[in-house]
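To start, the structure itself, in structure tokens.
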Amino acid sequence: MIELFLCMDKIRILDKEFALSIPYERIHEAVVSMADAIYANHKDSNPLFLCVLNGCFMVAGDLFKEYKGPCEISFIKLSSYSGTTTTGEVKKVIGLNQDIRDRDVIILEDIVDTGITISHLIRDLSGYAPKSIKVATLLLKPKAVQTNIRPDYVGLEIPNDFIVGYGLDYDGYGRNLKDIYKIIEE
């Protein structure tokens with residue numbers, strides 16, 4: 001049986017303990033701010049939001065409730081994590097199924113840490129001749145970034161801790177938590 005134990009400000013998922021890091025109220029403020037900033041720059045267009053699954057489903061859902069203009073959404077699934085560390089390899093699991101030629105594309109991410117995944121995706125998408133490609137991420141780990149790619153819209157900058165909740169997982173668990181928790185190192 002998988003254990004997900006909730007006790008106020010601490011949780012346990014599988015073999016790891018996590019402490020509350022970012023409450024939902026702060027997350028929501030960041031999402032609203034991102035939606036407003038994106039709209040201010042794209043109010044005269046019909047941007048295509050490209051949601052990177054699995055982690056970004058909560059960000060996308062909440063951001064769409066706050067976005068004030070016309071827009072479309074599509075989904076792509078990429079993976080570069082195993083357990084609590086990045087593998088450094090990006091696997092395209094579900095590809096793009098929509099024409100993006102001459103479109104303003106906004107990649108929605110839950111988190112940018114090394115930047116490897118987003119760099120890979122931008123390189124792939126550029127081959128489809130979009131009008132523009134922008135990156136919006138709820139979370140950015142500036143000290144972990146290993147590429148020259150910097151997101152255009154950032155909700156929150158965070159330390160280089162392993163986190164779960166609000167779509168982020170540990171071996172598939174914890175995505176359903178509305179708050180974000182950081183790992184407690186032993």
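Just so we're on the same page: first chain in the structure tokens is A, next is B, and so on; residues restart at 1 for each chain, and ligands are numbered from 1 in the order they show up.
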
Quick one: everything within 7 Å of region 54-59 of chain A, counting only C-alpha atoms, minus sequence neighbours fewer than 6 positions away in the same chain. Send it as a list in words. Lys77, Leu108, Glu109, Asp110, Tyr166, Gly167 and Leu168 of chain A

Keeping only C-alpha atoms, take the residues you just selected and write them out as a CSV table (one decimal), in the first residue's frame.
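Final output, saved to out-v4.csv:
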```csv
chain,number,residue,atom,x,y,z
A,77,LYS,CA,4.2,15.1,-22.6
A,108,LEU,CA,3.4,26.3,-20.0
A,109,GLU,CA,5.6,24.6,-17.5
A,110,ASP,CA,5.2,23.8,-13.8
A,166,TYR,CA,0.3,21.2,-7.3
A,167,GLY,CA,1.0,18.9,-10.1
A,168,LEU,CA,4.6,18.0,-9.2
```

Return as a Markdown table the residues of region 58-175 of chain A lying at most 9 Å from region 25-42 of chain A, together with the closest atom-to-atom pair for each and the distance in Å to one decimal, counting only C-alpha atoms, with rows in chain order and ascending residue number.
```
| residue | atom | partner | partner_atom | distance |
| --- | --- | --- | --- | --- |
| A:Val59 | CA | A:Val31 | CA | 7.1 |
| A:Asp62 | CA | A:Val31 | CA | 7.0 |
| A:Leu63 | CA | A:Val31 | CA | 5.8 |
| A:Phe64 | CA | A:Ala35 | CA | 7.7 |
| A:Lys65 | CA | A:Ala35 | CA | 9.0 |
| A:Glu66 | CA | A:Ala35 | CA | 6.0 |
| A:Tyr67 | CA | A:Ala35 | CA | 5.1 |
| A:Lys68 | CA | A:Tyr39 | CA | 6.6 |
| A:Gly69 | CA | A:Tyr39 | CA | 6.6 |
| A:Asp104 | CA | A:His42 | CA | 8.3 |
| A:Ile106 | CA | A:Ile38 | CA | 8.8 |
| A:Ala136 | CA | A:Met34 | CA | 7.5 |
| A:Thr137 | CA | A:Met34 | CA | 8.5 |
| A:Leu138 | CA | A:Val31 | CA | 6.8 |
| A:Tyr153 | CA | A:Met34 | CA | 6.3 |
| A:Val154 | CA | A:Met34 | CA | 6.9 |
| A:Gly155 | CA | A:Ala30 | CA | 4.6 |
| A:Leu156 | CA | A:Ala30 | CA | 6.6 |
| A:Tyr166 | CA | A:Ile27 | CA | 8.7 |
```

Saved selection, atoms kept: N, CA and C atoms, as a compact mmCIF listing (two decimals), in the first residue's frame:
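Below is the file that was written, result01.txt:
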```txt
# COMPACT_ATOMS: atom_id res chain seq x y z
N VAL A 59 -1.36 24.06 -13.17
CA VAL A 59 -1.02 25.42 -13.59
C VAL A 59 -1.90 25.83 -14.76
N ASP A 62 -5.64 26.44 -13.73
CA ASP A 62 -5.84 27.69 -12.99
C ASP A 62 -5.53 28.92 -13.85
N LEU A 63 -4.48 28.84 -14.67
CA LEU A 63 -4.14 29.99 -15.52
C LEU A 63 -5.25 30.28 -16.53
N PHE A 64 -5.86 29.24 -17.08
CA PHE A 64 -6.94 29.45 -18.05
C PHE A 64 -8.15 30.10 -17.42
N LYS A 65 -8.40 29.84 -16.16
CA LYS A 65 -9.52 30.50 -15.48
C LYS A 65 -9.28 31.99 -15.33
N GLU A 66 -8.01 32.39 -15.30
CA GLU A 66 -7.65 33.80 -15.09
C GLU A 66 -7.32 34.55 -16.38
N TYR A 67 -7.01 33.84 -17.48
CA TYR A 67 -6.62 34.50 -18.72
C TYR A 67 -7.84 35.19 -19.35
N LYS A 68 -7.68 36.47 -19.72
CA LYS A 68 -8.82 37.29 -20.12
C LYS A 68 -9.13 37.30 -21.62
N GLY A 69 -8.27 36.74 -22.44
CA GLY A 69 -8.46 36.84 -23.89
C GLY A 69 -8.70 35.51 -24.56
N ASP A 104 1.53 32.39 -32.17
CA ASP A 104 2.23 32.74 -30.94
C ASP A 104 2.03 31.55 -30.01
N ILE A 106 2.89 29.72 -26.44
CA ILE A 106 3.35 29.93 -25.07
C ILE A 106 3.43 28.57 -24.40
N ALA A 136 6.32 30.18 -20.13
CA ALA A 136 5.73 30.60 -18.86
C ALA A 136 5.85 29.44 -17.90
N THR A 137 6.48 29.68 -16.76
CA THR A 137 6.63 28.63 -15.76
C THR A 137 6.19 29.14 -14.39
N LEU A 138 5.49 28.31 -13.68
CA LEU A 138 5.11 28.69 -12.33
C LEU A 138 6.34 28.84 -11.45
N TYR A 153 7.98 34.37 -18.58
CA TYR A 153 7.05 34.62 -17.48
C TYR A 153 7.36 33.64 -16.36
N VAL A 154 7.62 34.14 -15.17
CA VAL A 154 7.95 33.30 -14.02
C VAL A 154 7.03 33.67 -12.86
N GLY A 155 6.35 32.67 -12.32
CA GLY A 155 5.50 32.90 -11.16
C GLY A 155 6.32 33.13 -9.91
N LEU A 156 7.21 32.18 -9.59
CA LEU A 156 8.01 32.25 -8.37
C LEU A 156 9.40 31.66 -8.62
N TYR A 166 0.81 20.34 -6.20
CA TYR A 166 0.32 21.22 -7.25
C TYR A 166 0.81 20.75 -8.63
```

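Between Cys51 (chain A) and the residues A:Ile118, A:Phe18, A:Ile11, A:Lys182, the shortest atom-to-atom distance, using only C-alpha atoms, involves A:Ile118.
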
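Listed by chain and then by rising number, the residues of region 30-69 of chain A that DSSP assigns to strand (DSSP E or B) from the backbone are Leu48, Phe49, Leu50, Cys51, Val52 and Leu53 of chain A.
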
Preceding selection exported with N, CA and C atoms as a compact mmCIF listing (two decimals), in the first residue's frame:
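Written output follows (selection.txt):
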```txt
# COMPACT_ATOMS: atom_id res chain seq x y z
N LEU A 48 -1.50 30.13 -28.61
CA LEU A 48 -1.68 28.71 -28.36
C LEU A 48 -0.83 28.37 -27.14
N PHE A 49 -1.49 27.98 -26.07
CA PHE A 49 -0.78 27.53 -24.88
C PHE A 49 -0.46 26.05 -25.07
N LEU A 50 0.81 25.72 -24.94
CA LEU A 50 1.26 24.35 -25.06
C LEU A 50 1.64 23.87 -23.66
N CYS A 51 0.78 23.07 -23.08
CA CYS A 51 0.92 22.61 -21.70
C CYS A 51 1.79 21.35 -21.67
N VAL A 52 2.88 21.41 -20.90
CA VAL A 52 3.78 20.27 -20.77
C VAL A 52 3.28 19.39 -19.62
N LEU A 53 2.86 18.20 -19.98
CA LEU A 53 2.34 17.25 -19.00
C LEU A 53 3.47 16.40 -18.45
```

Region 24-159 of chain A: residues DSSP assigns to alpha helix (DSSP H), reported as a ChimeraX atom specification: /A:24-42,57-66,116-126

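The closest residue to Val105 (chain A), picked from A:Pro151, A:Pro47, A:Pro70, A:Pro142 and counting only C-alpha atoms, is A:Pro47.
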
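Shortest atom-to-atom contact with Ile22 (chain A) among A:Gln146, A:Asp9, A:Ser119, A:Gly127: A:Asp9, counting only C-alpha atoms.
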
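CA of Ile73 (chain A) is found 16.1 Å from CA of Lys131 (chain A).
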